[in-house]
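S.K.: Structure supplied as query-v8.cif; contents: mmCIF, C-alpha atoms.
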data_target
loop_
_atom_site.label_atom_id
_atom_site.label_comp_id
_atom_site.auth_asym_id
_atom_site.auth_seq_id
_atom_site.Cartn_x
_atom_site.Cartn_y
_atom_site.Cartn_z
CA MET D 104 -138.52 -27.61 58.29
CA THR D 105 -142.13 -28.73 58.27
CA GLU D 106 -142.96 -30.82 55.24
CA ALA D 107 -145.51 -29.05 53.13
CA ILE D 108 -146.72 -32.14 51.32
CA PHE D 109 -149.30 -33.04 53.93
CA PRO D 110 -152.81 -31.78 53.19
CA GLN D 111 -154.27 -29.29 55.61
CA VAL D 112 -157.89 -28.43 56.34
CA ARG D 113 -159.54 -25.80 58.48
CA ILE D 114 -162.94 -26.25 60.12
CA VAL D 115 -164.69 -22.91 60.62
CA PRO D 116 -168.01 -23.16 62.46
CA ASN D 117 -170.42 -20.22 62.21
CA ARG D 118 -170.39 -19.86 66.00
CA LEU D 119 -167.67 -19.85 68.65
CA LEU D 120 -167.81 -23.27 70.28
CA PHE D 121 -168.55 -24.39 73.82
CA PRO D 122 -166.02 -26.78 75.39
CA GLU D 123 -168.60 -29.60 75.34
CA THR D 124 -169.00 -29.27 71.56
CA VAL D 125 -165.22 -29.11 71.08
CA GLU D 126 -164.83 -32.27 73.16
CA ARG D 127 -167.47 -34.10 71.10
CA LEU D 128 -165.97 -32.92 67.82
CA LEU D 129 -162.37 -33.75 68.68
CA ASN D 130 -163.25 -37.21 69.98
CA ALA D 131 -165.14 -37.91 66.76
CA ILE D 132 -162.17 -36.63 64.70
CA CYS D 133 -159.78 -38.81 66.68
CA GLU D 134 -161.96 -41.82 65.95
CA VAL D 135 -161.67 -41.07 62.24
CA GLY D 136 -157.86 -41.07 62.64
CA GLY D 137 -155.30 -39.95 60.10
CA ILE D 138 -154.55 -36.62 61.81
CA ARG D 139 -150.92 -35.54 61.92
CA ARG D 140 -151.16 -32.22 63.74
CA MET D 141 -154.04 -30.18 65.11
CA VAL D 142 -154.37 -26.58 66.31
CA LEU D 143 -157.31 -25.11 68.18
CA ASN D 144 -157.65 -21.41 67.56
CA GLY D 145 -159.86 -18.63 68.86
CA PRO D 146 -159.98 -15.61 71.15
CA ARG D 147 -157.93 -16.09 74.30
CA LEU D 148 -159.47 -16.61 77.73
CA PRO D 149 -156.92 -15.50 80.33
CA ALA D 150 -157.00 -17.00 83.83
CA THR D 151 -156.77 -13.52 85.36
CA VAL D 152 -158.05 -10.14 84.24
CA THR D 153 -155.27 -8.68 82.09
CA GLU D 154 -156.12 -4.98 81.92
CA GLY D 155 -158.18 -2.25 83.51
CA PRO D 156 -158.76 -1.54 87.18
CA GLY D 157 -159.67 -5.18 87.82
CA ARG D 158 -156.24 -6.37 86.64
CA GLY D 159 -154.99 -9.50 88.41
CA LEU D 160 -158.42 -10.64 89.63
CA PRO D 161 -159.35 -14.25 88.86
CA ASN D 162 -161.35 -14.58 85.65
CA PRO D 163 -163.71 -17.55 85.82
CA HIS D 164 -165.12 -18.27 82.35
CA ALA D 165 -167.50 -21.05 81.31
CA ALA D 166 -165.55 -21.64 78.10
CA ARG D 167 -162.19 -22.04 79.86
CA LYS D 168 -162.48 -25.62 80.88
CA ALA D 169 -160.63 -28.92 80.84
CA ILE D 170 -161.83 -31.30 78.16
CA ARG D 171 -161.02 -34.96 77.66
CA VAL D 172 -159.96 -36.04 74.19
CA ALA D 173 -158.77 -39.56 73.37
CA ASP D 174 -158.27 -40.22 77.10
CA LYS D 175 -156.06 -37.18 77.56
CA GLU D 176 -157.12 -34.12 79.49
CA MET D 177 -156.40 -30.68 78.11
CA GLU D 178 -157.14 -27.23 79.47
CA LEU D 179 -158.72 -24.97 76.85
CA GLN D 180 -157.12 -21.54 76.83
CA VAL D 181 -159.24 -20.13 74.01
CA GLN D 182 -162.88 -20.16 73.02
CA VAL D 183 -162.49 -22.35 69.98
CA GLY D 184 -163.29 -20.51 66.76
CA TYR D 185 -161.59 -22.74 64.23
CA ILE D 186 -159.67 -25.97 64.09
CA VAL D 187 -156.70 -26.49 61.79
CA LEU D 188 -155.81 -30.05 60.93
CA GLU D 189 -152.83 -31.51 59.11
CA LEU D 190 -153.70 -34.89 57.64
CA TRP D 191 -151.67 -37.87 56.54
CA ASP D 192 -153.70 -37.99 53.32
CA ARG D 193 -156.77 -36.44 51.71
CA GLU D 194 -158.90 -39.57 51.86
CA ILE D 195 -160.35 -38.80 55.27
CA ILE D 196 -161.76 -35.39 54.30
CA PRO D 197 -165.27 -36.76 53.45
CA LYS D 198 -165.29 -38.49 56.83
CA LEU D 199 -164.37 -35.21 58.52
CA ARG D 200 -167.31 -33.58 56.76
CA GLU D 201 -169.61 -36.28 58.10
CA VAL D 202 -168.33 -35.67 61.62
CA CYS D 203 -168.92 -31.92 61.26
CA ASP D 204 -172.43 -32.47 59.87
CA GLN D 205 -173.27 -34.59 62.90
CA THR D 206 -171.70 -32.21 65.44
CA PHE D 207 -172.80 -28.79 64.19
CA THR D 208 -176.56 -29.19 64.23
CA GLY D 209 -177.80 -25.71 65.17
CA PHE D 210 -175.50 -23.72 62.88
CA GLY D 211 -173.43 -24.08 59.74
CA TYR D 212 -169.70 -24.46 59.16
CA ASN D 213 -167.06 -24.32 56.44
CA LEU D 214 -164.46 -26.95 55.84
CA GLN D 215 -161.67 -25.38 53.84
CA GLU D 216 -158.69 -27.06 52.20
CA GLY D 217 -155.49 -25.07 51.91
CA LYS D 218 -152.29 -24.23 53.71
CA PHE D 219 -152.96 -22.96 57.19
CA MET D 220 -149.77 -23.72 59.16
CA LYS D 221 -146.45 -21.99 58.75
CA SER D 222 -143.88 -24.01 56.82
CA GLN D 223 -140.82 -21.92 57.49
CA MET D 224 -139.66 -19.37 60.00
CA THR D 225 -139.84 -15.67 59.25
CA THR D 226 -137.20 -13.16 60.29
CA SER D 227 -139.55 -11.98 63.02
CA ASP D 228 -139.84 -15.54 64.30
CA TYR D 229 -136.04 -15.79 64.58
CA ALA D 230 -135.93 -12.44 66.36
CA LYS D 231 -138.65 -13.51 68.80
CA TYR D 232 -137.92 -17.16 69.41
CA GLY D 233 -134.36 -17.84 68.21
CA ILE D 234 -133.71 -21.25 66.75
CA MET D 235 -136.56 -23.63 67.43
CA GLU D 236 -135.69 -27.02 68.82
CA ASP D 237 -138.75 -28.79 67.48
CA GLU D 238 -139.75 -27.56 64.05
CA GLN D 239 -143.02 -29.48 64.16
CA LEU D 240 -144.20 -26.77 66.55
CA LEU D 241 -143.68 -24.09 63.92
CA GLY D 242 -146.84 -22.02 63.52
CA MET D 243 -148.75 -24.11 66.05
CA ALA D 244 -148.07 -22.24 69.27
CA ASP D 245 -145.72 -19.82 70.94
CA PRO D 246 -142.49 -21.83 71.38
CA LYS D 247 -141.67 -19.78 74.47
CA SER D 248 -144.91 -20.82 76.11
CA LYS D 249 -144.41 -23.05 79.15
CA GLY D 250 -147.17 -25.36 77.96
CA VAL D 251 -146.24 -28.40 75.93
CA PRO D 252 -148.15 -29.84 72.98
CA LEU D 253 -150.38 -32.75 73.73
CA ILE D 254 -149.64 -36.01 71.96
CA LEU D 255 -152.73 -38.07 71.36
CA GLN D 256 -151.95 -41.73 70.76
CA GLY D 257 -153.16 -42.75 67.33
CA SER D 258 -153.12 -45.99 65.41
CA ARG D 259 -150.18 -44.97 63.26
CA MET R 82 -189.17 28.63 57.34
CA ALA R 83 -187.82 26.89 60.42
CA PHE R 84 -184.87 24.58 59.92
CA LYS R 85 -185.90 20.94 59.94
CA PRO R 86 -182.99 18.56 60.38
CA GLN R 87 -182.96 15.53 58.11
CA TYR R 88 -180.46 13.53 60.23
CA GLY R 89 -179.37 11.25 57.43
CA PRO R 90 -180.04 9.89 53.94
CA GLY R 91 -181.30 6.47 52.94
CA SER R 92 -184.47 4.71 51.87
CA THR R 93 -184.10 1.42 53.77
CA LYS R 94 -185.35 0.41 57.21
CA ILE R 95 -181.76 0.70 58.49
CA ALA R 96 -181.60 4.35 57.42
CA GLU R 97 -184.99 5.01 58.96
CA ASN R 98 -183.84 3.49 62.27
CA ARG R 99 -180.74 5.69 62.19
CA ARG R 100 -182.84 8.80 61.65
CA ASN R 101 -185.28 7.82 64.39
CA TYR R 102 -182.60 7.17 66.97
CA MET R 103 -180.90 10.49 66.26
CA ASN R 104 -184.13 12.46 66.32
CA PRO R 105 -184.88 13.76 69.85
CA ALA R 106 -188.56 14.06 68.89
CA TYR R 107 -188.70 10.27 68.43
CA LYS R 108 -189.29 8.55 71.76
CA LEU R 109 -187.04 5.54 72.13
CA GLN R 110 -189.18 2.46 72.69
CA LYS R 111 -188.80 1.10 76.21
CA VAL R 112 -188.24 -2.66 76.15
CA ARG R 113 -187.01 -3.56 79.62
CA ASP R 114 -187.21 -2.42 83.20
CA ILE R 115 -183.96 -1.69 84.90
CA THR R 116 -183.72 -0.11 88.34
CA ASP R 117 -181.54 2.84 89.37
CA GLU R 118 -179.62 0.51 91.66
CA ASP R 119 -178.90 -1.89 88.79
CA VAL R 120 -177.48 0.93 86.67
CA VAL R 121 -175.20 1.99 89.53
CA LEU R 122 -174.05 -1.61 90.00
CA LEU R 123 -173.37 -2.10 86.27
CA MET R 124 -171.23 1.02 86.04
CA GLY R 125 -169.36 0.39 89.30
CA HIS R 126 -168.42 4.00 90.02
CA ARG R 127 -170.01 4.15 93.48
CA ALA R 128 -171.87 1.84 95.87
CA PRO R 129 -175.66 2.00 95.50
CA GLY R 130 -177.10 4.45 98.01
CA ALA R 131 -173.74 6.11 98.69
CA ALA R 132 -173.47 9.91 98.38
CA TYR R 133 -172.12 11.27 95.12
CA PRO R 134 -168.42 12.08 95.56
CA THR R 135 -167.66 15.62 94.42
CA ALA R 136 -164.95 17.13 92.25
CA HIS R 137 -165.63 20.73 93.30
CA PRO R 138 -167.93 22.61 95.72
CA PRO R 139 -171.57 23.15 94.66
CA LEU R 140 -171.88 26.06 92.23
CA ALA R 141 -174.11 27.98 94.67
CA GLU R 142 -171.25 28.04 97.17
CA ALA R 143 -168.43 28.43 94.68
CA GLY R 144 -168.88 32.17 94.12
CA GLU R 145 -168.86 32.11 90.33
CA PRO R 146 -167.43 35.07 88.46
CA LYS R 147 -169.82 37.36 86.58
CA CYS R 148 -170.02 35.92 83.11
CA PRO R 149 -172.75 36.33 80.44
CA ILE R 150 -172.27 32.76 79.21
CA ARG R 151 -172.82 31.34 82.68
CA LYS R 152 -176.09 33.25 82.78
CA LEU R 153 -177.14 31.84 79.44
CA VAL R 154 -176.30 28.19 80.12
CA THR R 155 -178.23 26.38 82.83
CA PRO R 156 -175.87 23.96 84.55
CA LEU R 157 -176.72 20.26 84.69
CA ASP R 158 -177.97 18.93 87.99
CA GLY R 159 -174.66 17.13 88.48
CA ALA R 160 -172.64 20.24 87.70
CA LYS R 161 -174.71 22.23 90.22
CA HIS R 162 -173.78 19.71 92.91
CA GLY R 163 -170.14 19.46 91.81
CA ASP R 164 -170.32 15.75 90.84
CA ARG R 165 -167.40 13.91 89.29
CA VAL R 166 -167.41 13.15 85.58
CA ARG R 167 -167.92 9.42 85.04
CA TYR R 168 -168.51 7.14 82.04
CA ILE R 169 -170.39 4.19 80.60
CA GLN R 170 -169.03 2.30 77.61
CA PHE R 171 -170.82 0.02 75.18
CA ALA R 172 -169.55 -2.58 72.72
CA ASP R 173 -171.93 -3.35 69.85
CA SER R 174 -171.70 -6.61 67.95
CA MET R 175 -171.52 -6.42 64.17
CA GLN R 176 -174.08 -9.25 64.11
CA PHE R 177 -177.15 -6.99 63.94
CA ALA R 178 -176.78 -5.15 67.23
CA PRO R 179 -179.56 -2.57 67.56
CA CYS R 180 -177.11 0.33 67.50
CA HIS R 181 -173.50 0.96 66.53
CA PRO R 182 -170.75 3.10 68.04
CA TYR R 183 -170.84 6.04 65.60
CA LEU R 184 -174.61 6.35 65.85
CA ARG R 185 -174.46 6.22 69.64
CA SER R 186 -172.30 9.34 69.65
CA TYR R 187 -174.62 11.11 67.22
CA LEU R 188 -177.78 10.25 69.10
CA GLU R 189 -176.31 11.19 72.48
CA SER R 190 -175.15 14.54 71.12
CA TYR R 191 -178.63 15.23 69.74
CA ARG R 192 -180.56 13.95 72.74
CA TYR R 193 -178.61 14.87 75.88
CA ARG R 194 -176.96 17.99 77.27
CA GLY R 195 -173.55 18.06 78.89
CA VAL R 196 -172.28 14.74 77.49
CA ASP R 197 -168.92 13.93 75.99
CA PRO R 198 -169.32 10.93 73.67
CA GLY R 199 -166.34 9.24 72.06
CA THR R 200 -166.37 6.61 69.33
CA LEU R 201 -163.81 3.90 68.73
CA SER R 202 -163.99 1.05 66.22
CA GLY R 203 -166.08 -1.35 68.25
CA ARG R 204 -166.98 0.57 71.36
CA GLN R 205 -168.39 3.87 72.38
CA ILE R 206 -167.89 5.76 75.59
CA VAL R 207 -170.01 8.58 76.96
CA GLU R 208 -168.88 10.79 79.82
CA CYS R 209 -171.08 13.03 81.92
CA ARG R 210 -171.61 14.28 85.46
CA GLU R 211 -172.35 11.22 87.60
CA ARG R 212 -175.99 11.75 88.56
CA ASP R 213 -176.92 12.82 85.03
CA LEU R 214 -174.99 9.91 83.58
CA GLU R 215 -177.07 7.49 85.63
CA LYS R 216 -180.29 8.85 84.09
CA ILE R 217 -178.81 8.66 80.59
CA ALA R 218 -177.43 5.16 81.16
CA LYS R 219 -180.84 3.98 82.35
CA GLU R 220 -182.38 5.12 79.09
CA LEU R 221 -179.56 3.69 76.97
CA VAL R 222 -179.87 0.27 78.63
CA GLY R 223 -183.65 0.17 79.01
CA THR R 224 -184.66 1.05 75.46
CA GLU R 225 -184.56 -0.45 71.96
CA ILE R 226 -180.95 0.59 71.32
CA PHE R 227 -179.71 -2.11 73.70
CA ASP R 228 -179.86 -5.88 73.33
CA PRO R 229 -178.63 -8.04 76.23
CA ALA R 230 -176.84 -10.52 73.94
CA ARG R 231 -175.44 -8.29 71.16
CA THR R 232 -174.61 -5.18 73.18
CA GLY R 233 -172.12 -5.27 76.03
CA ILE R 234 -171.53 -2.80 78.84
CA ARG R 235 -167.76 -2.96 78.89
CA GLY R 236 -165.39 -0.46 80.46
CA ALA R 237 -162.22 -2.46 79.83
CA THR R 238 -161.32 -5.51 77.70
CA VAL R 239 -164.03 -4.88 75.12
CA HIS R 240 -162.82 -7.37 72.47
CA GLY R 241 -165.68 -9.25 70.78
CA HIS R 242 -167.72 -6.89 68.60
CA SER R 243 -166.38 -8.24 65.30
CA LEU R 244 -166.27 -11.93 66.25
CA ARG R 245 -168.75 -14.66 65.53
CA LEU R 246 -171.35 -15.10 68.25
CA SER R 247 -171.05 -17.86 70.79
CA GLU R 248 -173.17 -21.01 70.39
CA ASP R 249 -175.85 -19.56 72.69
CA GLY R 250 -176.03 -16.34 70.65
CA MET R 251 -174.04 -14.18 73.08
CA MET R 252 -171.29 -11.82 71.92
CA PHE R 253 -167.83 -13.02 72.98
CA ASP R 254 -166.61 -11.49 76.22
CA MET R 255 -163.18 -12.43 77.54
CA LEU R 256 -164.24 -11.43 81.06
CA ALA R 257 -167.65 -13.15 81.00
CA ARG R 258 -169.34 -10.12 82.54
CA CYS R 259 -172.76 -11.43 81.61
CA ILE R 260 -174.10 -14.95 81.42
CA LEU R 261 -177.15 -16.44 79.80
CA ASP R 262 -179.08 -18.12 82.61
CA LYS R 263 -182.40 -19.83 81.85
CA GLY R 264 -183.02 -17.58 78.86
CA THR R 265 -182.21 -14.28 80.56
CA VAL R 266 -178.96 -12.37 80.58
CA LYS R 267 -177.46 -11.57 83.96
CA TYR R 268 -174.47 -9.37 84.62
CA VAL R 269 -172.26 -10.99 87.24
CA LYS R 270 -169.48 -8.41 86.90
CA ASN R 271 -169.57 -4.66 86.51
CA GLN R 272 -168.31 -2.96 83.37
CA ILE R 273 -164.65 -3.16 84.38
CA GLY R 274 -164.82 -6.84 85.34
CA GLU R 275 -165.17 -6.65 89.14
CA PRO R 276 -167.52 -9.33 90.50
CA LEU R 277 -170.91 -8.06 91.70
CA ASP R 278 -172.45 -9.14 95.01
CA LYS R 279 -175.81 -9.40 93.31
CA ALA R 280 -176.39 -10.38 89.67
CA VAL R 281 -178.11 -7.72 87.56
CA ASN R 282 -180.84 -9.04 85.28
CA VAL R 283 -181.05 -7.20 81.96
CA GLY R 284 -183.72 -9.39 80.40
CA LYS R 285 -184.07 -11.79 77.51
CA PRO R 286 -182.04 -11.47 74.31
CA MET R 287 -184.14 -10.27 71.39
CA ASP R 288 -184.83 -12.67 68.54
CA ASP R 289 -183.28 -12.32 65.08
CA LYS R 290 -186.44 -10.91 63.51
CA TRP R 291 -186.63 -8.09 66.06
CA LEU R 292 -182.91 -7.37 65.76
CA LYS R 293 -183.03 -7.12 61.97
CA ALA R 294 -185.98 -4.74 62.23
CA HIS R 295 -184.22 -2.49 64.76
CA THR R 296 -180.57 -2.65 63.70
CA THR R 297 -178.67 0.31 62.31
CA ILE R 298 -175.94 -1.80 60.75
CA TYR R 299 -175.78 -2.54 57.03
CA ASN R 300 -174.74 -6.16 56.63
CA SER R 301 -175.17 -8.02 53.35
CA ASN R 302 -174.51 -11.29 55.15
CA GLY R 303 -178.08 -12.03 56.21
CA GLY R 304 -179.38 -8.46 56.40
CA THR R 305 -179.61 -5.35 54.24
CA GLY R 306 -176.44 -4.62 52.31
CA PHE R 307 -175.17 -1.05 52.07
CA ARG R 308 -175.30 -1.18 48.26
CA GLU R 309 -179.02 -1.98 48.39
CA ASP R 310 -179.62 1.54 49.70
CA LYS R 311 -179.19 3.52 46.49
CA GLU R 312 -180.05 6.86 48.09
CA TYR R 313 -177.39 6.40 50.82
CA VAL R 314 -174.73 5.36 48.30
CA GLU R 315 -175.54 8.34 46.09
CA TYR R 316 -175.28 10.71 49.05
CA VAL R 317 -171.94 9.30 50.19
CA GLN R 318 -170.58 9.43 46.63
CA THR R 319 -171.71 13.04 46.25
CA VAL R 320 -169.97 14.07 49.47
CA HIS R 321 -166.85 12.19 48.45
CA SER R 322 -166.85 13.74 44.99
CA LEU R 323 -167.36 17.30 46.26
CA ARG R 324 -164.64 16.95 48.86
CA THR R 325 -162.21 15.48 46.37
CA LYS R 326 -162.85 18.01 43.62
CA TYR R 327 -163.25 21.21 45.56
CA GLY R 328 -161.66 20.70 48.96
CA ALA R 329 -162.96 23.30 51.36
CA MET R 330 -165.13 25.14 48.79
CA PRO R 331 -167.63 22.69 47.30
CA LYS R 332 -169.27 24.85 44.62
CA GLU R 333 -170.29 23.55 41.21
#
Just give me the structure as structure tokens.
M.R.:
Amino acid sequence: MTEAIFPQVRIVPNRLLFPETVERLLNAICEVGGIRRMVLNGPRLPATVTEGPGRGLPNPHAARKAIRVADKEMELQVQVGYIVLELWDREIIPKLREVCDQTFTGFGYNLQEGKFMKSQMTTSDYAKYGIMEDEQLLGMADPKSKGVPLILQGSR
Amino acid sequence: MAFKPQYGPGSTKIAENRRNYMNPAYKLQKVRDITDEDVVLLMGHRAPGAAYPTAHPPLAEAGEPKCPIRKLVTPLDGAKHGDRVRYIQFADSMQFAPCHPYLRSYLESYRYRGVDPGTLSGRQIVECRERDLEKIAKELVGTEIFDPARTGIRGATVHGHSLRLSEDGMMFDMLARCILDKGTVKYVKNQIGEPLDKAVNVGKPMDDKWLKAHTTIYNSNGGTGFREDKEYVEYVQTVHSLRTKYGAMPKE
């Protein structure tokens, strides 16, 4: 079971972000440190057209791009709309605000504190996924997805 | 005294825009040039210059039965030639798009003959005989009820109308049908997401001031809230009250 004692914050920019902005923001967040888990959320960008007469055709999209964060490359599969962070402690929140102020120059954002990740499985989760091997993944991604979470090396 | 339609209540600019767009006597302001070929490419139903495929023989050759209604109703050009029925579909962003799906259906019903409009939550489809549809589509895309960034021509995978805009001010489109290139919006795919051989330029996105002056959407977050329009609220409440109290016979 995920421990619920860790503080969580959600960064909600007023615009959907370009990969370049996400890269800049995440690198700045990684420099701040103190992040336990992180989820990038937003509308999905499939690699191929999923419905309609053009189904199966390749779907090139400027926002579906590989970005480099803390020397690791990751392929964005969504146009990032908000970023959920689980922190080791609340002390870094003012620093996160500073990072957001510096990154989001043309538009505003909200930084909300609360509980944004699932802390226990629902009945539907059991029906869909069965027993999860790694409970840290709970509420972060589809456990049946073939992709694996990225581990960014921190100082901790 | 001749009947004079009022089209809708409201004392705000939004209500006035709604009334104007629905009123066939109001000429929609032309804001961009778009060629016939571009419209054909955007819709993707036939190749530009190709003959119109037919669904039935031309009416002149069909030997129509004697019918008083057929004498009364002049067929559309497309119906005369036996054209297929085809569609164009729009998605309108909630972020001050110049028109919205319900109003599109109203205005098309008031302004055009032989159309079959259909409204869904974030998109609106209009069906018509192919050659007539092309004329209608040209007007719908070339006038003030279309904005290149906040209105999308989307036949399939329309998701995006209720999302935040992208950093460059474009409405989210999973299929990236249009791109913002050096300040102008270009369609690189047709409405169902098939790549186009030639990009179709639909012009520059309108600025926020223009959009707020031409929108038909009440939005208290930066625009005119619905509750600010007392006359509209009163009208809606009256209709609601009469329907609730008296059902099918609203008499005081």
S.K.: Give as a ChimeraX atom specification every residue of chain R that touches chain D within 6 Å, counting all atoms listed in the file.
M.R.: /R:237,245-248,255,257,274-275
S.K.: Take the residues just selected and output them with C-alpha atoms as a JSON list (two decimals), keeping the file's coordinate frame.
M.R.:
[["chain", "number", "residue", "atom", "x", "y", "z"],
["R", 237, "ALA", "CA", -162.22, -2.46, 79.83],
["R", 245, "ARG", "CA", -168.75, -14.66, 65.53],
["R", 246, "LEU", "CA", -171.35, -15.10, 68.25],
["R", 247, "SER", "CA", -171.05, -17.86, 70.79],
["R", 248, "GLU", "CA", -173.17, -21.01, 70.39],
["R", 255, "MET", "CA", -163.18, -12.43, 77.54],
["R", 257, "ALA", "CA", -167.65, -13.15, 81.00],
["R", 274, "GLY", "CA", -164.82, -6.84, 85.34],
["R", 275, "GLU", "CA", -165.17, -6.65, 89.14]]
S.K.: Write out as an MDAnalysis selection string each polymer residue whose atoms come within 12 Å of region 108-119 of chain R, counting all atoms listed in the file; drop sequence neighbours fewer than 3 positions from it.
M.R.: chainID R and resid 98:105 122:131 179 188 192 212:229 265:272 277:287 291 295
S.K.: Taking into account only C-alpha atoms, which residue in the set D:Glu134, D:Glu176, D:Glu126, D:Glu216 is nearest to Phe109 (chain D)?
M.R.: D:Glu216
S.K.: For each of R:Phe171, R:Met252, R:Gly304, R:Tyr327, take the minimum atom-to-atom distance to Ile273 (chain R), counting all atoms listed in the file, then give the residue where this is smallest.
M.R.: R:Phe171
S.K.: Since I can't run it myself right now, could you work out what the PyMOL selection byres ((chain R and resi 159) around 9) selects here and report it as a ChimeraX atom specification?
M.R.: /R:156-158,160-166,209-214
S.K.: How far is it from CA of Leu143 (chain D) to CA of Lys231 (chain D), in Å with one decimal?
M.R.: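 Going from CA of Leu143 (chain D) over to CA of Lys231 (chain D) covers 22.0 Å.
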S.K.: Could you list, as a VMD selection string, every residue matched by the PyMOL selection byres ((chain D and resi 137) around 12) in this structure?
M.R.: chain D and resid 109 to 111 132 to 136 138 to 141 188 to 196 198 to 199 255 to 259
S.K.: Find the axis-aligned box for region 109-124 of chain D, covering all its listed atoms and adding 6 Å on each side, and write its centre and edge lengths in Å to one decimal as lines of an AutoDock Vina configuration file.
M.R.:
center_x = -159.9
center_y = -26.4
center_z = 64.3
size_x = 33.1
size_y = 25.2
size_z = 34.2
S.K.: Which residues are near Val207 (chain R)? Cut-off 9 Å, all atoms listed in the file, ignore same chain within fewer than 3 positions. Put them as a list in words.
M.R.: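 Residues near the query, excluding close chain neighbours: Arg167, Tyr168, Ile169, Gln170, Phe171, Arg185, Ser186, Glu189, Val196, Asp197, Pro198, Gly199, Thr200 and Leu214 of chain R.
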S.K.: Distance CA of Thr297 (chain R)-CA of Arg231 (chain R), one decimal place?
M.R.: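 The value is 12.8 Å.
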S.K.: Can you tell me how far CA of Leu140 (chain R) sits from CA of Arg194 (chain R), in Å to one decimal?
M.R.: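 If I compute the distance from CA of Leu140 (chain R) to CA of Arg194 (chain R), I get 17.7 Å.
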S.K.: With all atoms listed in the file as the counted atoms, please give the residues lying no more than 7 Å from Phe177 (chain R), apart from itself and same-chain residues fewer than 6 positions off, as a PyMOL selection string.
M.R.: chain R and resi 292-293+296+298
